[in-house]
file upload00.txt (compact mmCIF, N, CA, C and O atoms)
# COMPACT_ATOMS: atom_id res chain seq x y z
N MET A 1 -14.37 55.03 -4.04
CA MET A 1 -13.60 53.86 -3.76
C MET A 1 -14.10 53.21 -2.47
O MET A 1 -14.34 53.89 -1.48
N LYS A 2 -14.25 51.87 -2.50
CA LYS A 2 -14.75 51.16 -1.33
C LYS A 2 -13.65 50.99 -0.30
O LYS A 2 -12.47 50.88 -0.62
N LYS A 3 -14.09 50.97 0.96
CA LYS A 3 -13.15 50.72 2.03
C LYS A 3 -12.83 49.23 2.10
O LYS A 3 -13.68 48.39 1.80
N LYS A 4 -11.62 48.91 2.50
CA LYS A 4 -11.26 47.52 2.71
C LYS A 4 -11.94 47.02 3.98
O LYS A 4 -12.06 47.78 4.94
N PRO A 5 -12.39 45.79 3.98
CA PRO A 5 -13.01 45.27 5.20
C PRO A 5 -11.98 45.19 6.32
O PRO A 5 -10.82 44.88 6.10
N SER A 6 -12.43 45.49 7.49
CA SER A 6 -11.56 45.48 8.65
C SER A 6 -11.25 44.05 9.08
O SER A 6 -12.10 43.17 9.03
N ASN A 7 -10.05 43.81 9.52
CA ASN A 7 -9.66 42.49 10.02
C ASN A 7 -9.95 42.33 11.51
O ASN A 7 -9.61 41.32 12.09
N ASN A 8 -10.57 43.32 12.10
CA ASN A 8 -10.84 43.25 13.54
C ASN A 8 -11.76 42.10 13.90
O ASN A 8 -11.67 41.54 14.98
N ARG A 9 -12.65 41.73 12.99
CA ARG A 9 -13.58 40.65 13.28
C ARG A 9 -12.86 39.33 13.49
O ARG A 9 -13.16 38.57 14.38
N SER A 10 -11.88 39.05 12.64
CA SER A 10 -11.16 37.78 12.77
C SER A 10 -10.30 37.75 14.03
O SER A 10 -10.06 36.70 14.60
N ARG A 11 -9.82 38.88 14.47
CA ARG A 11 -8.98 38.91 15.66
C ARG A 11 -9.79 38.80 16.93
O ARG A 11 -9.27 38.41 17.97
N ALA A 12 -11.06 39.10 16.86
CA ALA A 12 -11.90 39.04 18.05
C ALA A 12 -12.21 37.60 18.44
O ALA A 12 -12.48 37.32 19.61
N LYS A 13 -12.15 36.68 17.48
CA LYS A 13 -12.44 35.28 17.80
C LYS A 13 -11.28 34.68 18.57
O LYS A 13 -10.12 34.91 18.22
N PRO A 14 -11.58 33.90 19.58
CA PRO A 14 -10.48 33.23 20.28
C PRO A 14 -9.87 32.16 19.39
O PRO A 14 -10.58 31.43 18.69
N LYS A 15 -8.56 32.06 19.40
CA LYS A 15 -7.88 31.07 18.57
C LYS A 15 -7.97 29.71 19.24
O LYS A 15 -7.88 29.59 20.46
N LYS A 16 -8.16 28.70 18.41
CA LYS A 16 -8.21 27.34 18.94
C LYS A 16 -6.79 26.89 19.26
O LYS A 16 -5.87 27.14 18.50
N ARG A 17 -6.66 26.22 20.37
CA ARG A 17 -5.34 25.74 20.77
C ARG A 17 -5.00 24.48 19.99
O ARG A 17 -5.80 23.55 19.94
N LYS A 18 -3.85 24.46 19.37
CA LYS A 18 -3.42 23.28 18.63
C LYS A 18 -2.70 22.33 19.57
O LYS A 18 -1.95 22.75 20.44
N GLU A 19 -2.95 21.05 19.36
CA GLU A 19 -2.28 20.05 20.17
C GLU A 19 -0.84 19.88 19.69
O GLU A 19 -0.58 19.93 18.49
N SER A 20 0.05 19.67 20.61
CA SER A 20 1.42 19.38 20.21
C SER A 20 1.48 17.92 19.78
O SER A 20 0.58 17.12 20.07
N LEU A 21 2.54 17.57 19.09
CA LEU A 21 2.69 16.20 18.62
C LEU A 21 2.73 15.23 19.78
O LEU A 21 2.14 14.15 19.73
N ARG A 22 3.38 15.62 20.85
CA ARG A 22 3.46 14.77 22.04
C ARG A 22 2.07 14.51 22.61
O ARG A 22 1.74 13.39 23.02
N GLU A 23 1.22 15.53 22.65
CA GLU A 23 -0.14 15.38 23.18
C GLU A 23 -0.98 14.50 22.27
O GLU A 23 -1.79 13.70 22.74
N ILE A 24 -0.79 14.63 20.98
CA ILE A 24 -1.54 13.80 20.02
C ILE A 24 -1.19 12.33 20.21
O ILE A 24 -2.06 11.47 20.31
N TYR A 25 0.13 12.04 20.29
CA TYR A 25 0.55 10.66 20.48
C TYR A 25 0.04 10.10 21.81
O TYR A 25 -0.37 8.94 21.88
N ALA A 26 0.06 10.89 22.86
CA ALA A 26 -0.43 10.43 24.16
C ALA A 26 -1.92 10.11 24.10
O ALA A 26 -2.37 9.10 24.64
N ARG A 27 -2.69 10.97 23.42
CA ARG A 27 -4.14 10.74 23.30
C ARG A 27 -4.42 9.48 22.51
O ARG A 27 -5.25 8.64 22.90
N VAL A 28 -3.72 9.29 21.40
CA VAL A 28 -3.94 8.11 20.56
C VAL A 28 -3.55 6.84 21.31
O VAL A 28 -4.24 5.83 21.23
N LYS A 29 -2.47 6.92 22.06
CA LYS A 29 -2.04 5.76 22.85
C LYS A 29 -3.08 5.38 23.90
O LYS A 29 -3.36 4.20 24.12
N ARG A 30 -3.69 6.38 24.53
CA ARG A 30 -4.74 6.10 25.53
C ARG A 30 -5.96 5.48 24.89
O ARG A 30 -6.60 4.61 25.45
N GLU A 31 -6.29 5.92 23.67
CA GLU A 31 -7.51 5.45 23.01
C GLU A 31 -7.32 4.12 22.30
O GLU A 31 -8.29 3.49 21.92
N PHE A 32 -6.08 3.67 22.12
CA PHE A 32 -5.81 2.41 21.44
C PHE A 32 -6.26 1.26 22.31
O PHE A 32 -5.93 1.18 23.49
N SER A 33 -7.05 0.35 21.76
CA SER A 33 -7.62 -0.73 22.57
C SER A 33 -7.18 -2.09 22.03
O SER A 33 -6.54 -2.21 21.00
N ALA A 34 -7.57 -3.12 22.75
CA ALA A 34 -7.25 -4.49 22.34
C ALA A 34 -7.94 -4.83 21.02
O ALA A 34 -7.41 -5.58 20.21
N ALA A 35 -9.12 -4.27 20.80
CA ALA A 35 -9.83 -4.51 19.54
C ALA A 35 -9.05 -3.94 18.36
O ALA A 35 -9.01 -4.53 17.28
N ASP A 36 -8.42 -2.79 18.56
CA ASP A 36 -7.59 -2.20 17.50
C ASP A 36 -6.39 -3.09 17.21
O ASP A 36 -6.03 -3.31 16.05
N LEU A 37 -5.77 -3.62 18.25
CA LEU A 37 -4.63 -4.50 18.08
C LEU A 37 -5.02 -5.77 17.34
O LEU A 37 -4.26 -6.28 16.52
N GLN A 38 -6.19 -6.27 17.62
CA GLN A 38 -6.67 -7.51 17.00
C GLN A 38 -6.73 -7.40 15.48
O GLN A 38 -6.44 -8.34 14.77
N ARG A 39 -7.05 -6.21 14.97
CA ARG A 39 -7.12 -6.03 13.52
C ARG A 39 -5.77 -6.29 12.85
O ARG A 39 -5.71 -6.75 11.73
N TYR A 40 -4.70 -5.96 13.54
CA TYR A 40 -3.36 -6.08 12.95
C TYR A 40 -2.71 -7.44 13.20
O TYR A 40 -1.67 -7.73 12.62
N THR A 41 -3.29 -8.26 14.06
CA THR A 41 -2.67 -9.54 14.39
C THR A 41 -3.41 -10.73 13.82
O THR A 41 -3.02 -11.86 14.06
N VAL A 42 -4.46 -10.52 13.04
CA VAL A 42 -5.21 -11.62 12.46
C VAL A 42 -4.41 -12.21 11.31
O VAL A 42 -3.90 -11.49 10.45
N ASP A 43 -4.25 -13.54 11.31
CA ASP A 43 -3.54 -14.20 10.22
C ASP A 43 -4.41 -14.22 8.98
O ASP A 43 -5.60 -14.55 9.03
N GLU A 44 -3.80 -13.86 7.88
CA GLU A 44 -4.52 -13.88 6.60
C GLU A 44 -4.19 -15.17 5.88
O GLU A 44 -3.12 -15.75 6.09
N PRO A 45 -5.09 -15.65 5.03
CA PRO A 45 -4.80 -16.88 4.29
C PRO A 45 -3.57 -16.67 3.40
O PRO A 45 -3.41 -15.63 2.77
N MET A 46 -2.69 -17.65 3.41
CA MET A 46 -1.44 -17.55 2.67
C MET A 46 -1.49 -18.42 1.41
O MET A 46 -2.17 -19.43 1.38
N VAL A 47 -0.75 -18.01 0.41
CA VAL A 47 -0.63 -18.77 -0.83
C VAL A 47 0.80 -19.30 -0.87
O VAL A 47 1.75 -18.54 -0.65
N PRO A 48 0.98 -20.57 -1.17
CA PRO A 48 2.33 -21.12 -1.22
C PRO A 48 3.18 -20.42 -2.28
O PRO A 48 2.70 -20.08 -3.36
N ALA A 49 4.45 -20.20 -1.95
CA ALA A 49 5.36 -19.50 -2.87
C ALA A 49 5.52 -20.26 -4.18
O ALA A 49 5.64 -19.65 -5.25
N ARG A 50 5.53 -21.58 -4.12
CA ARG A 50 5.68 -22.37 -5.36
C ARG A 50 4.51 -22.12 -6.31
O ARG A 50 4.69 -22.06 -7.53
N GLN A 51 3.31 -21.97 -5.76
CA GLN A 51 2.13 -21.71 -6.59
C GLN A 51 2.24 -20.33 -7.24
O GLN A 51 1.96 -20.18 -8.43
N VAL A 52 2.67 -19.34 -6.49
CA VAL A 52 2.83 -17.99 -7.03
C VAL A 52 3.88 -17.99 -8.13
O VAL A 52 3.69 -17.41 -9.20
N LEU A 53 4.99 -18.67 -7.89
CA LEU A 53 6.06 -18.75 -8.88
C LEU A 53 5.58 -19.43 -10.15
O LEU A 53 5.87 -18.97 -11.26
N ALA A 54 4.81 -20.51 -10.01
CA ALA A 54 4.29 -21.21 -11.18
C ALA A 54 3.36 -20.30 -11.99
O ALA A 54 3.42 -20.27 -13.23
N GLU A 55 2.52 -19.52 -11.30
CA GLU A 55 1.62 -18.60 -12.00
C GLU A 55 2.41 -17.51 -12.72
O GLU A 55 2.08 -17.17 -13.86
N LEU A 56 3.44 -16.98 -12.08
CA LEU A 56 4.25 -15.94 -12.71
C LEU A 56 5.00 -16.48 -13.93
O LEU A 56 5.10 -15.80 -14.96
N GLU A 57 5.51 -17.71 -13.84
CA GLU A 57 6.19 -18.31 -14.98
C GLU A 57 5.24 -18.54 -16.13
O GLU A 57 5.59 -18.35 -17.30
N ALA A 58 3.99 -18.94 -15.82
CA ALA A 58 2.99 -19.14 -16.87
C ALA A 58 2.67 -17.82 -17.56
O ALA A 58 2.56 -17.76 -18.80
N ILE A 59 2.52 -16.77 -16.80
CA ILE A 59 2.24 -15.44 -17.38
C ILE A 59 3.41 -14.99 -18.23
O ILE A 59 3.23 -14.49 -19.34
N ASN A 60 4.63 -15.20 -17.74
CA ASN A 60 5.82 -14.81 -18.49
C ASN A 60 5.91 -15.57 -19.80
O ASN A 60 6.22 -14.99 -20.85
N ALA A 61 5.64 -16.87 -19.76
CA ALA A 61 5.70 -17.68 -20.98
C ALA A 61 4.65 -17.21 -21.99
O ALA A 61 4.92 -17.12 -23.19
N LYS A 62 3.48 -16.86 -21.50
CA LYS A 62 2.39 -16.39 -22.38
C LYS A 62 2.81 -15.12 -23.11
O LYS A 62 2.64 -14.99 -24.32
N TYR A 63 3.38 -14.17 -22.38
CA TYR A 63 3.77 -12.90 -22.99
C TYR A 63 5.04 -13.02 -23.82
O TYR A 63 5.24 -12.27 -24.77
N SER A 64 5.92 -13.99 -23.48
CA SER A 64 7.11 -14.21 -24.29
C SER A 64 6.72 -14.73 -25.67
O SER A 64 7.33 -14.36 -26.68
N LYS A 65 5.71 -15.61 -25.73
CA LYS A 65 5.23 -16.13 -27.01
C LYS A 65 4.66 -15.01 -27.86
O LYS A 65 4.88 -14.95 -29.07
N ARG A 66 3.94 -14.09 -27.25
CA ARG A 66 3.34 -12.97 -27.99
C ARG A 66 4.44 -12.10 -28.60
O ARG A 66 4.30 -11.63 -29.72
N ARG A 67 5.53 -11.89 -27.86
CA ARG A 67 6.61 -11.04 -28.37
C ARG A 67 7.30 -11.68 -29.55
O ARG A 67 7.68 -11.02 -30.50
N ARG A 68 7.49 -13.01 -29.50
CA ARG A 68 8.17 -13.71 -30.59
C ARG A 68 7.33 -13.69 -31.86
O ARG A 68 7.86 -13.58 -32.95
N VAL A 69 6.01 -13.82 -31.70
CA VAL A 69 5.10 -13.86 -32.85
C VAL A 69 5.01 -12.50 -33.50
O VAL A 69 4.99 -12.37 -34.72
N SER A 70 4.97 -11.46 -32.74
CA SER A 70 4.78 -10.10 -33.28
C SER A 70 5.96 -9.59 -34.04
O SER A 70 7.03 -9.83 -34.05
call {"tool": "encode", "arguments": {"input": "upload00.txt", "output": "structure tokens"}}
result
Amino acid sequence: MKKKPSNNRSRAKPKKRKESLREIYARVKREFSAADLQRYTVDEPMVPARQVLAELEAINAKYSKRRRVS
């Protein structure tokens, strides 16, 4: 019968220290820059609500006709 491998090898390695949540947030806050903020504040092109509504009504009418025919 074979011997089980010893776990002594894994215990000899130093354990890596885990950051606490508070330390993670502090690090991310320090690293956050104006360039990062700029990504979230750029205005995107907008589509008028009336145009979106007209497109949705057209799609609805198209599929309503299909249901009546079938």
call {"tool": "atom_distance", "arguments": {"input": "upload00.txt", "atom1": "atom O of Ser20 in chain A", "atom2": "atom N of Phe32 in chain A"}}
result
15.1 Å
call {"tool": "atom_distance", "arguments": {"input": "upload00.txt", "atom1": "atom C of Arg66 in chain A", "atom2": "atom N of Ala54 in chain A"}}
result
20.4 Å
call {"tool": "atom_distance", "arguments": {"input": "upload00.txt", "atom1": "atom C of Val52 in chain A", "atom2": "atom N of Arg68 in chain A"}}
result
22.2 Å
call {"tool": "select_by_dssp", "arguments": {"input": "upload00.txt", "residues": "range 36-65 of chain A", "states": "helix (DSSP H, G or I)", "output": "MDAnalysis selection string"}}
result
chainID A and resid 36:41 49:65
call {"tool": "decode", "arguments": {"input": "upload00.txt", "residues": "range 15-54 of chain A", "atoms": "C-alpha atoms", "output": "compact mmCIF listing (two decimals), in the first residue's frame"}}
result
# COMPACT_ATOMS: atom_id res chain seq x y z
CA LYS A 15 0.49 32.29 2.90
CA LYS A 16 -0.32 35.31 0.83
CA ARG A 17 -2.00 38.07 2.76
CA LYS A 18 -5.49 38.83 1.51
CA GLU A 19 -6.59 42.42 1.27
CA SER A 20 -9.58 43.44 3.31
CA LEU A 21 -12.51 45.01 1.53
CA ARG A 22 -11.66 48.37 3.04
CA GLU A 23 -8.09 48.17 1.66
CA ILE A 24 -9.35 47.18 -1.79
CA TYR A 25 -11.74 50.13 -1.93
CA ALA A 26 -9.01 52.51 -0.74
CA ARG A 27 -6.59 51.25 -3.41
CA VAL A 28 -9.18 51.53 -6.19
CA LYS A 29 -10.13 55.03 -5.05
CA ARG A 30 -6.47 56.12 -5.18
CA GLU A 31 -6.02 54.65 -8.66
CA PHE A 32 -9.22 56.18 -10.08
CA SER A 33 -8.30 59.05 -12.38
CA ALA A 34 -9.98 61.82 -14.34
CA ALA A 35 -9.62 59.72 -17.49
CA ASP A 36 -11.67 56.95 -15.85
CA LEU A 37 -14.36 59.46 -14.90
CA GLN A 38 -14.46 60.80 -18.45
CA ARG A 39 -15.57 57.40 -19.77
CA TYR A 40 -18.73 57.57 -17.67
CA THR A 41 -19.62 61.20 -18.37
CA VAL A 42 -19.51 61.23 -22.18
CA ASP A 43 -22.91 61.98 -23.72
CA GLU A 44 -24.09 59.31 -26.08
CA PRO A 45 -26.21 60.09 -29.14
CA MET A 46 -29.88 60.01 -28.20
CA VAL A 47 -32.88 58.82 -30.20
CA PRO A 48 -36.13 60.75 -29.80
CA ALA A 49 -38.78 58.86 -27.82
CA ARG A 50 -41.40 59.51 -30.51
CA GLN A 51 -39.20 57.76 -33.09
CA VAL A 52 -38.70 54.74 -30.82
CA LEU A 53 -42.43 54.56 -30.13
CA ALA A 54 -43.24 54.74 -33.85
